[in-house]
Amino acid sequence: MSTNGYHVAVLGATGAVGQQMLKTLEERNFPISKLTLLSSERSAGKKVLFRGEEHIVQAASPEKFEGVQIALFSAGGSISKIFAPEAVKHGAIVVDNTSAFRMAQDVPLVVPEVNEEDLKLHKGIIANPNCSTIQMVAALEPLRKAHGLNKVIVSTYQAVSGSGAAAIEELKTQSEAILSGKDFTPEILPVKGDKKHFQIAFNAIPQIDKFEDNGFTFEEMKMMNETKKIMHMPELEIAATCVRIPVETGHSESVYIELDSDTVGVSDIRELLKEAPGVTLQDDPSAQLYPMPADCVGKNDVFVGRIRKDPDRANGFHLWIVSDNLLKGAAWNSVQIAESLVQLKLV
């Protein structure tokens, strides 16, 4: 490390998450001595402003990682599979924001509020979990630690920004078309590469990513498998239903949990969440106070409300969890991991 910081690279620097990573690095005043911005050939040559200085984005290639200490990746799974091992060979620690390495046995999958210690096991690559998984485990971990956890059923209400800039554009153009009585042809959602595409404006699509043989989508399986891995609970009973809704940014989740104890009250859960790192409690039905995506955009925390004891199960509770999927769900969690690496003297 130089006296004034680290050599940091951002791969996918011109994308929505890459841009958010740079903004977050700047806001957090992360110690950077040198910044290398990388992208595809298509975006190479673009200029990006960081801390008042203009940086030219370069086309990614293995030698560009020479001397890099921390590399934040957000350029798609296939790109990560090519360049992450190369970056590690050149001495970098990679924080990867794709699903490429999340379930690899020797790659820590980390949400710093939940399992920061797992960073010590890294072999060069650290995976950033799925956006919808991150916000859920950040809210559930304090409850698990205090009272145990044996069951989770989650239904998500996910924003189109999770599917990229083209999906945001599709939501806007479809909304305009419908409001002005014009025809349109859906092209992006639910999944660009799948056989059919459906209207997202004024609609809800119960498919995010492609279907697996068991009837769950890849997104649902990601949530289920990643939660077990992050919490070190292979035995956890968990099921997910993931739905895309016409919201630009901010994922919402309705989560049902069963704790190991049946003597816990709503007030106990509120107290735990009030003290939980990275969590903001917004739960006052009498004042209609609860989290909504429109209020969470641009904020790093995970917001929790609508906490209710299940009417039929003494150990069952219902929660409503909301977070900015581009921040805690992606860029902020990645930068947090980088901060943890520094604090734990792992870089």
# chains A, B, ... in the order shown; residues from 1 in each chain; ligands from 1
$ select_by_dssp --residues "stretch 190-306 of chain A" --states "alpha helix (DSSP H)" --output "PyMOL selection string"
chain A and resi 218-230+266-275+293-296
$ closest_atom_pairs --of "stretch 313-344 of chain A" --to "stretch 280-291 of chain A" --cutoff "12 Å" --atoms "only C-alpha atoms" --output "Markdown table"
| residue | atom | partner | partner_atom | distance |
| --- | --- | --- | --- | --- |
| A:Leu319 | CA | A:Asp283 | CA | 9.8 |
| A:Trp320 | CA | A:Pro291 | CA | 7.5 |
| A:Ile321 | CA | A:Pro291 | CA | 7.2 |
| A:Val322 | CA | A:Pro291 | CA | 6.1 |
| A:Ser323 | CA | A:Pro291 | CA | 8.6 |
| A:Asp324 | CA | A:Pro291 | CA | 11.2 |
$ write_last_selection --atoms "all heavy atoms" --output "PDB file, in the first residue's frame"
ATOM      1  N   LEU A 319     -42.469  -9.699   8.068  1.00  0.00           N
ATOM      2  CA  LEU A 319     -41.730  -8.441   7.960  1.00  0.00           C
ATOM      3  C   LEU A 319     -41.794  -7.934   6.520  1.00  0.00           C
ATOM      4  O   LEU A 319     -41.934  -8.717   5.578  1.00  0.00           O
ATOM      5  CB  LEU A 319     -40.251  -8.621   8.324  1.00  0.00           C
ATOM      6  CG  LEU A 319     -39.877  -9.201   9.673  1.00  0.00           C
ATOM      7  CD1 LEU A 319     -39.685 -10.710   9.575  1.00  0.00           C
ATOM      8  CD2 LEU A 319     -38.580  -8.584  10.172  1.00  0.00           C
ATOM      9  N   TRP A 320     -41.642  -6.621   6.376  1.00  0.00           N
ATOM     10  CA  TRP A 320     -41.576  -5.970   5.066  1.00  0.00           C
ATOM     11  C   TRP A 320     -40.201  -5.300   4.983  1.00  0.00           C
ATOM     12  O   TRP A 320     -39.851  -4.478   5.832  1.00  0.00           O
ATOM     13  CB  TRP A 320     -42.710  -4.954   4.957  1.00  0.00           C
ATOM     14  CG  TRP A 320     -42.758  -4.145   3.689  1.00  0.00           C
ATOM     15  CD1 TRP A 320     -42.470  -2.809   3.567  1.00  0.00           C
ATOM     16  CD2 TRP A 320     -43.157  -4.591   2.383  1.00  0.00           C
ATOM     17  NE1 TRP A 320     -42.662  -2.408   2.261  1.00  0.00           N
ATOM     18  CE2 TRP A 320     -43.083  -3.476   1.514  1.00  0.00           C
ATOM     19  CE3 TRP A 320     -43.558  -5.825   1.872  1.00  0.00           C
ATOM     20  CZ2 TRP A 320     -43.394  -3.555   0.152  1.00  0.00           C
ATOM     21  CZ3 TRP A 320     -43.886  -5.905   0.521  1.00  0.00           C
ATOM     22  CH2 TRP A 320     -43.801  -4.788  -0.325  1.00  0.00           C
ATOM     23  N   ILE A 321     -39.406  -5.694   3.982  1.00  0.00           N
ATOM     24  CA  ILE A 321     -38.009  -5.248   3.887  1.00  0.00           C
ATOM     25  C   ILE A 321     -37.785  -4.551   2.552  1.00  0.00           C
ATOM     26  O   ILE A 321     -38.129  -5.107   1.497  1.00  0.00           O
ATOM     27  CB  ILE A 321     -37.045  -6.459   4.023  1.00  0.00           C
ATOM     28  CG1 ILE A 321     -37.301  -7.182   5.353  1.00  0.00           C
ATOM     29  CG2 ILE A 321     -35.594  -6.018   3.907  1.00  0.00           C
ATOM     30  CD1 ILE A 321     -36.585  -8.520   5.485  1.00  0.00           C
ATOM     31  N   VAL A 322     -37.223  -3.348   2.583  1.00  0.00           N
ATOM     32  CA  VAL A 322     -37.017  -2.553   1.365  1.00  0.00           C
ATOM     33  C   VAL A 322     -35.595  -1.993   1.337  1.00  0.00           C
ATOM     34  O   VAL A 322     -35.061  -1.598   2.380  1.00  0.00           O
ATOM     35  CB  VAL A 322     -38.024  -1.383   1.293  1.00  0.00           C
ATOM     36  CG1 VAL A 322     -37.832  -0.568   0.015  1.00  0.00           C
ATOM     37  CG2 VAL A 322     -39.465  -1.892   1.372  1.00  0.00           C
ATOM     38  N   SER A 323     -34.987  -1.972   0.146  1.00  0.00           N
ATOM     39  CA  SER A 323     -33.665  -1.354   0.027  1.00  0.00           C
ATOM     40  C   SER A 323     -33.400  -0.935  -1.416  1.00  0.00           C
ATOM     41  O   SER A 323     -34.027  -1.440  -2.347  1.00  0.00           O
ATOM     42  CB  SER A 323     -32.589  -2.349   0.479  1.00  0.00           C
ATOM     43  OG  SER A 323     -31.359  -1.690   0.685  1.00  0.00           O
ATOM     44  N   ASP A 324     -32.482   0.017  -1.590  1.00  0.00           N
ATOM     45  CA  ASP A 324     -32.049   0.445  -2.925  1.00  0.00           C
ATOM     46  C   ASP A 324     -31.177  -0.662  -3.509  1.00  0.00           C
ATOM     47  O   ASP A 324     -30.065  -0.908  -3.037  1.00  0.00           O
ATOM     48  CB  ASP A 324     -31.260   1.765  -2.812  1.00  0.00           C
ATOM     49  CG  ASP A 324     -30.856   2.328  -4.170  1.00  0.00           C
ATOM     50  OD1 ASP A 324     -30.551   1.544  -5.087  1.00  0.00           O
ATOM     51  OD2 ASP A 324     -30.818   3.568  -4.305  1.00  0.00           O
TER      52      ASP A 324
END
$ residues_around --residues "stretch 333-335 of chain A" --least-positions-apart "2" --cutoff "9 Å" --atoms "only C-alpha atoms" --output "short mmCIF file (atom, residue, chain, number, x, y, z; two decimals) with C-alpha atoms, in the first residue's frame"
data_model
loop_
_atom_site.label_atom_id
_atom_site.label_comp_id
_atom_site.auth_asym_id
_atom_site.auth_seq_id
_atom_site.Cartn_x
_atom_site.Cartn_y
_atom_site.Cartn_z
CA MET A 21 -19.53 2.16 -7.17
CA THR A 24 -19.86 5.47 -3.34
CA LEU A 25 -16.04 5.28 -3.29
CA ARG A 28 -16.93 7.22 1.53
CA PHE A 30 -12.08 5.41 0.27
CA LEU A 72 -14.50 -4.12 -8.09
CA PHE A 73 -16.23 -6.09 -10.87
CA VAL A 95 -14.94 -8.19 -5.31
CA ASP A 96 -17.31 -9.61 -7.93
CA ASN A 97 -20.86 -8.34 -8.29
CA VAL A 110 -20.24 -11.70 2.00
CA VAL A 111 -22.62 -9.18 3.53
CA PRO A 112 -20.35 -7.36 6.03
CA ALA A 127 -18.54 -12.59 -4.23
CA ASN A 128 -21.16 -9.92 -3.69
CA PRO A 129 -24.53 -11.66 -3.17
CA ILE A 134 -28.40 -8.96 0.67
CA ASN A 300 -27.41 2.79 1.95
CA LEU A 327 -26.70 0.58 -3.45
CA LYS A 328 -26.95 -1.98 -0.62
CA GLY A 329 -27.93 -4.52 -3.26
CA ALA A 330 -24.78 -3.89 -5.29
CA ALA A 331 -22.38 -0.92 -5.18
CA ILE A 337 -16.43 -5.33 1.48
CA ALA A 338 -13.43 -3.27 0.31
CA GLU A 339 -13.61 -1.24 3.53
CA SER A 340 -13.74 -4.46 5.58
#
$ atom_distance --atom1 "atom CA of A:Tyr157" --atom2 "atom CA of A:Gln174"
19.1 Å
$ closest_atom_pairs --of "stretch 128-161 of chain A" --to "stretch 232-236 of chain A" --cutoff "8 Å" --atoms "only C-alpha atoms" --output "JSON lines"
{"residue": "A:Leu149", "atom": "CA", "partner": "A:Leu236", "partner_atom": "CA", "distance": 7.6}
{"residue": "A:Asn150", "atom": "CA", "partner": "A:Leu236", "partner_atom": "CA", "distance": 5.5}
{"residue": "A:Lys151", "atom": "CA", "partner": "A:Leu236", "partner_atom": "CA", "distance": 6.1}
{"residue": "A:Val152", "atom": "CA", "partner": "A:Leu236", "partner_atom": "CA", "distance": 7.8}
$ write_last_selection --atoms "C-alpha atoms" --output "compact mmCIF listing (two decimals), in the first residue's frame"
# COMPACT_ATOMS: atom_id res chain seq x y z
CA LEU A 149 -34.09 -19.18 12.65
CA ASN A 150 -35.54 -22.30 11.06
CA LYS A 151 -37.85 -21.17 8.24
CA VAL A 152 -38.04 -18.33 5.69
$ closest_residue --among "A:Val160, A:Val154, A:Ala104, A:Ile269" --to "A:Met136" --atoms "only C-alpha atoms"
A:Val154
$ select_by_dssp --residues "stretch 70-145 of chain A" --states "strand (DSSP E)" --output "number ranges by chain"
A: 70-73, 93-96, 125-127
$ residues_around --residues "A:Glu170" --least-positions-apart "3" --cutoff "8 Å" --atoms "only C-alpha atoms" --output "list in words"
Ala166, Ala167, Thr173, Gln174, Pro186, Glu187, Ile188 and Ile200 of chain A
$ atom_distance --atom1 "atom CA of A:Ile70" --atom2 "atom CA of A:Ala9"
6.4 Å
$ residues_around --residues "A:Ala204" --least-positions-apart "3" --cutoff "10 Å" --atoms "only C-alpha atoms" --output "ChimeraX atom specification"
/A:157-158,190,198-201,207,243-246
$ write_last_selection --atoms "all heavy atoms" --output "tab-separated table (two decimals), in the first residue's frame"
chain	number	residue	atom	x	y	z
A	157	TYR	N	-40.74	-8.05	-4.56
A	157	TYR	CA	-41.38	-7.10	-5.48
A	157	TYR	C	-40.22	-6.26	-6.03
A	157	TYR	O	-39.85	-5.25	-5.42
A	157	TYR	CB	-42.39	-6.23	-4.74
A	157	TYR	CG	-43.44	-7.01	-3.97
A	157	TYR	CD1	-43.12	-7.67	-2.77
A	157	TYR	CD2	-44.75	-7.06	-4.42
A	157	TYR	CE1	-44.08	-8.37	-2.06
A	157	TYR	CE2	-45.72	-7.77	-3.70
A	157	TYR	CZ	-45.38	-8.42	-2.54
A	157	TYR	OH	-46.34	-9.12	-1.83
A	158	GLN	N	-39.61	-6.72	-7.13
A	158	GLN	CA	-38.32	-6.18	-7.55
A	158	GLN	C	-38.41	-5.14	-8.66
A	158	GLN	O	-39.16	-5.28	-9.62
A	158	GLN	CB	-37.38	-7.33	-7.97
A	158	GLN	CG	-36.98	-8.17	-6.77
A	158	GLN	CD	-36.09	-9.37	-7.11
A	158	GLN	OE1	-36.38	-10.49	-6.67
A	158	GLN	NE2	-35.03	-9.16	-7.86
A	190	PRO	N	-39.71	-10.63	-19.15
A	190	PRO	CA	-38.97	-10.85	-17.91
A	190	PRO	C	-37.48	-11.14	-18.08
A	190	PRO	O	-36.68	-10.81	-17.22
A	190	PRO	CB	-39.67	-12.05	-17.28
A	190	PRO	CG	-40.28	-12.78	-18.41
A	190	PRO	CD	-40.65	-11.73	-19.43
A	198	PHE	N	-42.97	-9.81	-21.93
A	198	PHE	CA	-44.27	-9.32	-21.49
A	198	PHE	C	-44.21	-7.85	-21.08
A	198	PHE	O	-43.15	-7.33	-20.72
A	198	PHE	CB	-44.79	-10.16	-20.31
A	198	PHE	CG	-44.90	-11.63	-20.63
A	198	PHE	CD1	-44.11	-12.55	-19.96
A	198	PHE	CD2	-45.78	-12.09	-21.60
A	198	PHE	CE1	-44.20	-13.91	-20.25
A	198	PHE	CE2	-45.88	-13.44	-21.89
A	198	PHE	CZ	-45.09	-14.35	-21.22
A	199	GLN	N	-45.36	-7.25	-21.10
A	199	GLN	CA	-45.52	-5.87	-20.64
A	199	GLN	C	-45.15	-5.76	-19.16
A	199	GLN	O	-45.58	-6.58	-18.35
A	199	GLN	CB	-46.99	-5.49	-20.85
A	199	GLN	CG	-47.43	-4.19	-20.21
A	199	GLN	CD	-48.94	-4.01	-20.36
A	199	GLN	OE1	-49.55	-4.47	-21.33
A	199	GLN	NE2	-49.55	-3.35	-19.39
A	200	ILE	N	-44.35	-4.75	-18.82
A	200	ILE	CA	-44.04	-4.50	-17.42
A	200	ILE	C	-44.83	-3.29	-16.89
A	200	ILE	O	-45.22	-3.26	-15.72
A	200	ILE	CB	-42.52	-4.32	-17.17
A	200	ILE	CG1	-42.22	-4.11	-15.67
A	200	ILE	CG2	-41.93	-3.18	-17.99
A	200	ILE	CD1	-42.62	-5.23	-14.76
A	201	ALA	N	-45.11	-2.31	-17.74
A	201	ALA	CA	-45.87	-1.14	-17.29
A	201	ALA	C	-47.27	-1.56	-16.81
A	201	ALA	O	-47.94	-2.35	-17.49
A	201	ALA	CB	-46.00	-0.13	-18.43
A	207	GLN	N	-41.80	-13.74	-12.89
A	207	GLN	CA	-40.62	-14.44	-13.40
A	207	GLN	C	-39.44	-13.48	-13.44
A	207	GLN	O	-39.48	-12.44	-14.11
A	207	GLN	CB	-40.85	-14.98	-14.82
A	207	GLN	CG	-39.60	-15.71	-15.37
A	207	GLN	CD	-39.68	-16.05	-16.85
A	207	GLN	OE1	-40.69	-15.83	-17.52
A	207	GLN	NE2	-38.60	-16.60	-17.39
A	243	VAL	N	-40.83	-11.52	-8.06
A	243	VAL	CA	-41.75	-10.85	-8.98
A	243	VAL	C	-41.16	-9.50	-9.41
A	243	VAL	O	-40.66	-8.75	-8.57
A	243	VAL	CB	-43.13	-10.63	-8.31
A	243	VAL	CG1	-44.12	-9.97	-9.27
A	243	VAL	CG2	-43.69	-11.95	-7.78
A	244	ARG	N	-41.23	-9.23	-10.71
A	244	ARG	CA	-40.80	-7.92	-11.23
A	244	ARG	C	-42.01	-6.99	-11.29
A	244	ARG	O	-43.06	-7.37	-11.81
A	244	ARG	CB	-40.20	-8.08	-12.63
A	244	ARG	CG	-39.52	-6.83	-13.15
A	244	ARG	CD	-38.18	-6.57	-12.51
A	244	ARG	NE	-37.15	-7.50	-12.94
A	244	ARG	CZ	-35.96	-7.60	-12.36
A	244	ARG	NH1	-35.66	-6.83	-11.32
A	244	ARG	NH2	-35.06	-8.46	-12.80
A	245	ILE	N	-41.85	-5.79	-10.70
A	245	ILE	CA	-42.96	-4.82	-10.71
A	245	ILE	C	-42.51	-3.50	-11.36
A	245	ILE	O	-41.32	-3.25	-11.48
A	245	ILE	CB	-43.50	-4.56	-9.28
A	245	ILE	CG1	-42.41	-3.98	-8.37
A	245	ILE	CG2	-44.09	-5.83	-8.69
A	245	ILE	CD1	-42.92	-3.41	-7.06
A	246	PRO	N	-43.46	-2.65	-11.77
A	246	PRO	CA	-43.11	-1.42	-12.48
A	246	PRO	C	-42.64	-0.29	-11.57
A	246	PRO	O	-43.24	0.77	-11.48
A	246	PRO	CB	-44.41	-1.06	-13.21
A	246	PRO	CG	-45.49	-1.68	-12.42
A	246	PRO	CD	-44.92	-2.91	-11.80
$ closest_residue --among "A:Lys120, A:His55, A:Lys229, A:Lys195" --to "A:Val137" --atoms "only C-alpha atoms"
A:Lys229
